[in-house]
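Heads up, run_36.tsv below (TSV, C-alpha atoms):
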chain	number	residue	atom	x	y	z
Z	1	MET	CA	0.00	0.00	0.00
Z	2	SER	CA	1.59	3.28	-1.11
Z	3	ILE	CA	-0.94	5.69	0.48
Z	4	VAL	CA	-0.32	6.12	4.21
Z	5	ARG	CA	-1.55	8.37	7.02
Z	6	PRO	CA	0.34	9.36	10.20
Z	7	TYR	CA	-0.09	7.05	13.19
Z	8	GLY	CA	-0.50	8.43	16.72
Z	9	ASP	CA	-2.75	6.55	19.15
Z	10	THR	CA	-4.55	4.23	16.70
Z	11	THR	CA	-3.86	3.13	13.14
Z	12	GLY	CA	-4.67	5.81	10.58
Z	13	ASP	CA	-5.78	8.46	13.10
Z	14	GLY	CA	-3.54	11.11	11.49
Z	15	MET	CA	-2.12	12.36	14.79
Z	16	VAL	CA	1.23	14.17	14.60
Z	17	GLN	CA	3.58	15.92	17.02
Z	18	LEU	CA	5.11	19.28	16.17
Z	19	SER	CA	7.67	21.40	18.03
Z	20	PHE	CA	8.57	25.07	17.56
Z	21	THR	CA	9.53	28.26	19.40
Z	22	LEU	CA	7.62	31.54	19.51
Z	23	PRO	CA	9.17	34.91	20.48
Z	24	VAL	CA	6.72	35.45	23.36
Z	25	PRO	CA	7.12	35.09	27.16
Z	26	HIS	CA	5.89	31.84	28.66
Z	27	SER	CA	2.21	32.25	29.63
Z	28	LYS	CA	-1.30	31.01	28.89
Z	29	VAL	CA	-1.45	33.57	26.10
Z	30	ALA	CA	1.67	32.01	24.63
Z	31	GLU	CA	0.09	28.55	24.76
Z	32	GLY	CA	-3.00	29.93	23.05
Z	33	ALA	CA	-0.80	31.43	20.34
Z	34	ALA	CA	0.89	28.07	19.83
Z	35	ALA	CA	-2.48	26.32	19.47
Z	36	GLN	CA	-3.62	29.03	17.04
Z	37	LEU	CA	-0.52	28.58	14.90
Z	38	ALA	CA	-0.95	24.80	14.78
Z	39	THR	CA	-4.60	25.22	13.78
Z	40	LYS	CA	-3.63	27.63	10.99
Z	41	MET	CA	-1.14	25.01	9.80
Z	42	GLY	CA	-4.08	22.66	9.24
Z	43	LEU	CA	-4.06	20.55	12.40
Z	44	ASP	CA	-7.34	19.64	14.15
Z	45	ALA	CA	-7.95	18.75	17.79
Z	46	VAL	CA	-4.80	20.64	18.76
Z	47	LEU	CA	-3.35	20.03	22.21
Z	48	VAL	CA	-0.37	21.93	23.62
Z	49	ALA	CA	1.39	18.95	25.17
Z	50	HIS	CA	4.43	20.84	26.46
Z	51	SER	CA	5.58	24.43	26.88
Z	52	ARG	CA	8.77	25.73	28.45
Z	53	PRO	CA	10.32	29.19	28.73
Z	54	MET	CA	13.50	29.75	26.72
Z	55	GLY	CA	14.76	32.81	28.58
Z	56	PRO	CA	12.43	35.71	29.44
Z	57	ASP	CA	11.11	36.38	25.92
Z	58	PHE	CA	10.78	33.02	24.16
Z	59	THR	CA	8.76	29.84	24.67
Z	60	PHE	CA	9.30	26.37	23.28
Z	61	PHE	CA	6.23	24.23	22.50
Z	62	VAL	CA	5.32	20.69	21.61
Z	63	VAL	CA	1.81	20.43	20.18
Z	64	TYR	CA	-0.25	17.38	19.26
Z	65	GLY	CA	-2.94	17.38	16.59
Z	66	ARG	CA	-4.60	15.59	13.68
Z	67	THR	CA	-3.72	16.09	10.03
Z	68	HIS	CA	-5.94	14.97	7.18
Z	69	HIS	CA	-3.14	14.83	4.64
Z	70	LEU	CA	-2.06	11.52	3.11
Z	71	VAL	CA	1.37	10.48	1.89
Z	72	ASP	CA	1.99	8.62	-1.37
Z	73	THR	CA	5.24	6.74	-0.80
Z	74	ASP	CA	5.45	5.90	-4.52
Z	75	ALA	CA	5.82	9.62	-5.27
Z	76	VAL	CA	8.69	10.16	-2.81
Z	77	GLU	CA	11.99	11.07	-4.47
Z	78	VAL	CA	15.22	10.29	-2.64
Z	79	VAL	CA	18.86	9.67	-3.50
Z	80	GLU	CA	19.36	5.92	-3.24
Z	81	ARG	CA	22.77	4.45	-2.49
Z	82	ASP	CA	24.18	3.38	-5.86
Z	83	PHE	CA	27.31	1.65	-4.60
Z	84	PRO	CA	27.95	-1.46	-2.49
Z	85	LEU	CA	28.85	-1.16	1.17
Z	86	LEU	CA	32.35	-2.51	1.77
Z	87	THR	CA	34.06	-3.71	4.91
Z	88	PRO	CA	37.39	-2.02	5.74
Z	89	LYS	CA	39.15	-5.16	4.52
Z	90	GLU	CA	37.30	-5.07	1.19
Z	91	ALA	CA	37.90	-1.34	0.77
Z	92	ASN	CA	41.62	-1.71	1.46
Z	93	ALA	CA	41.88	-4.56	-1.04
Z	94	ALA	CA	40.06	-2.58	-3.74
Z	95	VAL	CA	42.30	0.46	-3.30
Z	96	LYS	CA	45.45	-1.63	-3.30
Z	97	GLU	CA	44.45	-3.48	-6.45
Z	98	SER	CA	43.12	-0.46	-8.34
Z	99	LEU	CA	45.33	2.47	-7.36
Z	100	GLN	CA	48.41	0.50	-6.29
Z	101	ARG	CA	49.04	3.27	-3.78
Z	102	ARG	CA	47.23	4.80	-0.81
Z	103	LEU	CA	44.10	6.84	-1.51
Z	104	VAL	CA	44.57	10.38	-0.13
Z	105	VAL	CA	41.67	12.12	1.59
Z	106	VAL	CA	41.76	15.74	2.83
Z	107	GLY	CA	38.95	16.87	5.14
Z	108	ALA	CA	37.95	20.17	6.75
Z	109	CYS	CA	35.23	22.47	8.01
Z	110	ILE	CA	35.36	25.58	5.82
Z	111	GLY	CA	34.45	29.22	6.33
Z	112	THR	CA	33.62	30.24	9.89
Z	113	ASP	CA	32.33	26.78	10.80
Z	114	ALA	CA	34.06	25.63	13.99
Z	115	HIS	CA	32.03	22.44	14.48
Z	116	THR	CA	34.39	19.54	13.79
Z	117	VAL	CA	32.16	16.80	15.19
Z	118	GLY	CA	31.02	15.77	11.70
Z	119	ILE	CA	34.39	15.64	9.97
Z	120	ASP	CA	35.97	14.02	13.03
Z	121	ALA	CA	33.27	11.32	13.09
Z	122	ILE	CA	34.14	10.36	9.51
Z	123	LEU	CA	37.94	10.75	9.59
Z	124	ASN	CA	39.11	10.02	13.14
Z	125	ILE	CA	39.81	6.41	14.02
Z	126	LYS	CA	37.19	6.46	16.82
Z	127	GLY	CA	34.57	6.85	14.11
Z	128	PHE	CA	30.81	6.96	14.54
Z	129	ALA	CA	27.86	4.58	15.06
Z	130	GLY	CA	30.14	1.67	15.89
Z	131	GLU	CA	32.28	2.08	12.77
Z	132	LYS	CA	35.90	3.18	12.77
Z	133	GLY	CA	36.82	6.32	10.82
Z	134	LEU	CA	38.88	6.52	7.66
Z	135	GLU	CA	42.13	6.74	9.66
Z	136	TYR	CA	41.57	3.05	10.41
Z	137	TYR	CA	41.77	2.08	6.74
Z	138	ARG	CA	45.30	0.91	5.95
Z	139	GLU	CA	45.14	1.94	2.27
Z	140	LEU	CA	43.74	5.42	2.97
Z	141	ARG	CA	45.85	8.38	4.06
Z	142	THR	CA	43.76	11.05	5.76
Z	143	VAL	CA	44.60	14.70	6.44
Z	144	ASN	CA	42.19	16.41	8.82
Z	145	LEU	CA	42.60	20.20	8.62
Z	146	GLY	CA	40.03	20.85	11.35
Z	147	ALA	CA	37.85	23.93	11.67
Z	148	GLN	CA	37.54	27.36	10.03
Z	149	VAL	CA	39.66	26.52	7.02
Z	150	SER	CA	39.51	29.05	4.19
Z	151	VAL	CA	38.72	27.80	0.70
Z	152	PRO	CA	42.09	28.92	-0.74
Z	153	GLU	CA	43.85	27.11	2.10
Z	154	LEU	CA	41.85	23.96	1.41
Z	155	VAL	CA	42.66	24.04	-2.30
Z	156	ALA	CA	46.35	24.63	-1.63
Z	157	ARG	CA	46.55	21.79	0.87
Z	158	ALA	CA	44.71	19.43	-1.46
Z	159	GLN	CA	47.25	20.21	-4.17
Z	160	GLU	CA	50.15	19.79	-1.76
Z	161	GLU	CA	48.87	16.41	-0.54
Z	162	GLN	CA	47.87	15.32	-4.07
Z	163	ALA	CA	44.42	14.55	-2.72
Z	164	ASP	CA	42.18	12.04	-4.45
Z	165	ALA	CA	39.15	13.28	-2.50
Z	166	VAL	CA	38.19	16.33	-0.43
Z	167	LEU	CA	35.61	15.96	2.33
Z	168	VAL	CA	33.92	19.08	3.72
Z	169	SER	CA	31.59	19.14	6.72
Z	170	GLN	CA	29.23	22.07	7.27
Z	171	VAL	CA	27.14	22.40	10.43
Z	172	VAL	CA	26.62	26.18	10.53
Z	173	THR	CA	23.64	26.83	8.25
Z	174	GLN	CA	22.38	30.31	9.16
Z	175	ARG	CA	21.41	32.25	6.02
Z	176	ASP	CA	22.36	29.20	3.96
Z	177	ALA	CA	26.05	29.58	4.82
Z	178	HIS	CA	26.59	25.87	4.10
Z	179	LEU	CA	25.32	26.28	0.55
Z	180	LEU	CA	27.30	29.46	-0.14
Z	181	ASN	CA	30.49	27.92	1.24
Z	182	THR	CA	30.03	24.75	-0.81
Z	183	ARG	CA	29.49	26.64	-4.05
Z	184	GLU	CA	32.58	28.77	-3.35
Z	185	MET	CA	34.62	25.64	-2.65
Z	186	SER	CA	33.41	23.88	-5.79
Z	187	ALA	CA	34.17	26.88	-7.99
Z	188	ALA	CA	37.66	27.24	-6.51
Z	189	PHE	CA	38.56	23.60	-7.19
Z	190	ARG	CA	37.26	23.79	-10.74
Z	191	GLU	CA	39.38	26.87	-11.34
Z	192	ALA	CA	42.49	25.35	-9.78
Z	193	TYR	CA	42.34	21.92	-11.47
Z	194	PRO	CA	41.78	20.52	-14.96
Z	195	GLU	CA	38.52	18.55	-14.78
Z	196	GLU	CA	40.23	15.19	-15.29
Z	197	ARG	CA	42.60	15.83	-12.36
Z	198	ARG	CA	40.18	17.43	-9.91
Z	199	PRO	CA	39.78	15.53	-6.65
Z	200	LEU	CA	36.41	14.07	-5.78
Z	201	LEU	CA	34.39	16.69	-3.87
Z	202	VAL	CA	32.15	15.42	-1.07
Z	203	VAL	CA	30.16	17.53	1.40
Z	204	GLY	CA	28.04	16.56	4.37
Z	205	GLY	CA	26.03	17.98	7.23
Z	206	PRO	CA	22.64	17.86	8.94
Z	207	ARG	CA	20.93	20.45	6.72
Z	208	PHE	CA	22.11	19.32	3.29
Z	209	ASP	CA	19.69	17.92	0.72
Z	210	GLU	CA	21.30	14.87	-0.88
Z	211	SER	CA	19.68	15.67	-4.24
Z	212	MET	CA	21.58	18.99	-4.55
Z	213	ALA	CA	24.99	17.61	-5.56
Z	214	ALA	CA	24.82	18.80	-9.17
Z	215	GLU	CA	23.41	22.19	-8.16
Z	216	LEU	CA	26.22	22.70	-5.64
Z	217	GLY	CA	28.91	21.49	-8.05
Z	218	VAL	CA	30.07	18.55	-5.94
Z	219	ASP	CA	30.24	14.82	-6.59
Z	220	ARG	CA	28.23	13.68	-3.57
Z	221	VAL	CA	26.21	15.10	-0.69
Z	222	PHE	CA	25.82	13.09	2.51
Z	223	ALA	CA	23.12	13.98	5.03
Z	224	ARG	CA	22.89	13.37	8.78
Z	225	GLY	CA	23.52	9.85	10.04
Z	226	THR	CA	26.12	9.01	7.39
Z	227	THR	CA	28.71	6.53	8.68
Z	228	PRO	CA	32.45	6.28	7.89
Z	229	GLY	CA	31.83	2.99	6.10
Z	230	GLU	CA	29.40	4.64	3.68
Z	231	VAL	CA	31.88	7.40	2.86
Z	232	ALA	CA	34.76	4.96	2.43
Z	233	SER	CA	32.66	2.72	0.19
Z	234	PHE	CA	31.65	5.68	-1.99
Z	235	LEU	CA	35.24	6.90	-2.36
Z	236	VAL	CA	36.47	3.44	-3.30
Z	237	HIS	CA	33.56	2.90	-5.69
Z	238	ARG	CA	34.12	6.16	-7.54
Z	239	LEU	CA	37.91	6.37	-7.49
Z	240	ALA	CA	38.65	2.70	-8.07
Z	241	ARG	CA	36.14	2.55	-10.92
Z	242	THR	CA	37.53	5.71	-12.53
Z	243	ASP	CA	41.11	4.52	-12.21
Z	244	ALA	CA	40.29	1.11	-13.62
Z	245	ALA	CA	38.46	2.67	-16.57
Z	246	GLY	CA	41.43	4.91	-17.25
Z	247	ARG	CA	43.81	1.95	-17.29
Z	248	ASP	CA	41.49	0.00	-19.61
Z	249	ASP	CA	41.45	2.95	-22.05
Z	250	GLN	CA	45.25	3.14	-22.01
Z	251	GLU	CA	45.62	-0.60	-22.55
Z	252	SER	CA	43.05	-0.88	-25.35
Z	253	PRO	CA	44.50	-1.17	-28.88
Z	254	ALA	CA	44.05	1.86	-31.11

Spell out the structure here as structure tokens.
Amino acid sequence: MSIVRPYGDTTGDGMVQLSFTLPVPHSKVAEGAAAQLATKMGLDAVLVAHSRPMGPDFTFFVVYGRTHHLVDTDAVEVVERDFPLLTPKEANAAVKESLQRRLVVVGACIGTDAHTVGIDAILNIKGFAGEKGLEYYRELRTVNLGAQVSVPELVARAQEEQADAVLVSQVVTQRDAHLLNTREMSAAFREAYPEERRPLLVVGGPRFDESMAAELGVDRVFARGTTPGEVASFLVHRLARTDAAGRDDQESPA
């Protein structure tokens, strides 16, 4: 069945939970405003389940209500994983066979972004979600530049390290800073490299839309919850495949 309705207390009752903050002091008037907003958003039988002051002038709410909208899961468009997930052993073997050298990965948080938790989760050996980071992979050499790296500095370091791939994490998203920074980064790499020698450009963060890779000028966008194994598998899939294709072209008779 492709048509579904939200589930709250009983199957198909359409009940949903919504949270938001209003710039009003915590009071009964504030709770009434929250219920009014939820009603205007199309919810019925609205209940303010939780309200809490956020300083003297703001209030956080959780409201509960019924929506009459349906969801057609057949019409949902997402970016499906188009590469196999590899174990570290399989990834190492693929890199060794294909590149016959270590695959070089440079990672950073660019612009004013000082939140390294994302890039560290992917690169550092401690990893994320029970998976070890790319430092653990014997055939990968990782260079973690940390936070607040300028785009020119990132390009220069990628050239110095002869990077095969550049990973950028963006957590700061106010005024679409993550999108502006990514476009600046993509343009800089395309200016600095011939297309056939440009490193693979990968960005990730909690507010990215995975379908925006082409629009942002990068090779892949990873959203929240991405694990080191997924990133490693993608890098091996793209770089090993490209390298193998290049060797086949060179070895083919004219």

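CA of Val203 in chain Z sits 25.1 Å away from CA of Ala93 in chain Z.
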
Counting only C-alpha atoms, give me one row per residue of range 147-193 of chain Z with an atom at most 12 Å from an atom of range 131-140 of chain Z, showing the shortest contact pair and its distance in Å to one decimal, sorted by chain then residue number, as a Markdown table.
| residue | atom | partner | partner_atom | distance |
| --- | --- | --- | --- | --- |
| Z:Ala163 | CA | Z:Leu140 | CA | 10.8 |
| Z:Asp164 | CA | Z:Leu140 | CA | 10.1 |
| Z:Ala165 | CA | Z:Leu140 | CA | 10.6 |
| Z:Leu167 | CA | Z:Leu134 | CA | 11.3 |

Leaving out Asp82 in chain Z and any residue of its chain fewer than 6 positions from it, which residues lie within 12 Å of it when counting all atoms listed in the file, given as a PyMOL selection string?
chain Z and resi 220+230+233-234+237-238

Produce a table with one row for each residue of range 35-111 of chain Z that has an atom at most 12 Å from any atom of range 177-193 of chain Z, each row naming the nearest atom pair and its distance in Å at one decimal; use all atoms listed in the file; arrange rows by chain and rising residue number; format as JSON lines.
{"residue": "Z:Ala108", "atom": "CA", "partner": "Z:Met185", "partner_atom": "CA", "distance": 11.4}
{"residue": "Z:Cys109", "atom": "CA", "partner": "Z:Asn181", "partner_atom": "CA", "distance": 9.9}
{"residue": "Z:Ile110", "atom": "CA", "partner": "Z:Asn181", "partner_atom": "CA", "distance": 7.1}
{"residue": "Z:Gly111", "atom": "CA", "partner": "Z:Asn181", "partner_atom": "CA", "distance": 6.6}

Please indicate the distance in Å from CA of Gln159 in chain Z to CA of Pro199 in chain Z, rounded to one decimal place.
9.2 Å

With a distance cut-off of 10 Å and all atoms listed in the file, select the neighbouring residues of Gly8 in chain Z, excluding the residue or stretch itself and same-chain residues fewer than 5 positions from it, and output the selection as a PyMOL selection string.
chain Z and resi 13-17+64-66

What's the 12 Å shell around Thr67 in chain Z, counting all atoms listed in the file, without same-chain residues fewer than 6 positions away, as a PyMOL selection string?
chain Z and resi 5-8+12-18+38-46

Mind giving me the straight-line distance from CA of Val143 in chain Z to CA of Ala156 in chain Z in Å, one decimal?
12.9 Å

Identify which of the residues Z:Leu103, Z:Ala75, Z:Ala114, Z:Met212 lies closest to Thr173 in chain Z, counting all atoms listed in the file when measuring atom-to-atom distances.
Z:Ala114

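Take the candidates Z:Pro152, Z:Gly146, Z:Pro228, Z:Leu239 and check each one against Ile125 in chain Z using all atoms listed in the file; the shortest distance goes to Z:Pro228.
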
May I have the residues within 10 Å of Glu210 in chain Z as a ChimeraX atom specification, using all atoms listed in the file and disregarding those fewer than 5 positions away in the same chain?
/Z:78-80,203-205,220-224

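With all atoms listed in the file as the basis for measurement, Z:Gly107 is the residue among Z:Gly107, Z:Gln100, Z:His50, Z:Ser27 that approaches Glu153 in chain Z most closely.
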
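Shortest separation to Val172 in chain Z among Z:Ser211, Z:Gln148, Z:Ser51, Z:Thr11 occurs at residue Z:Gln148, atoms counted being only C-alpha atoms.
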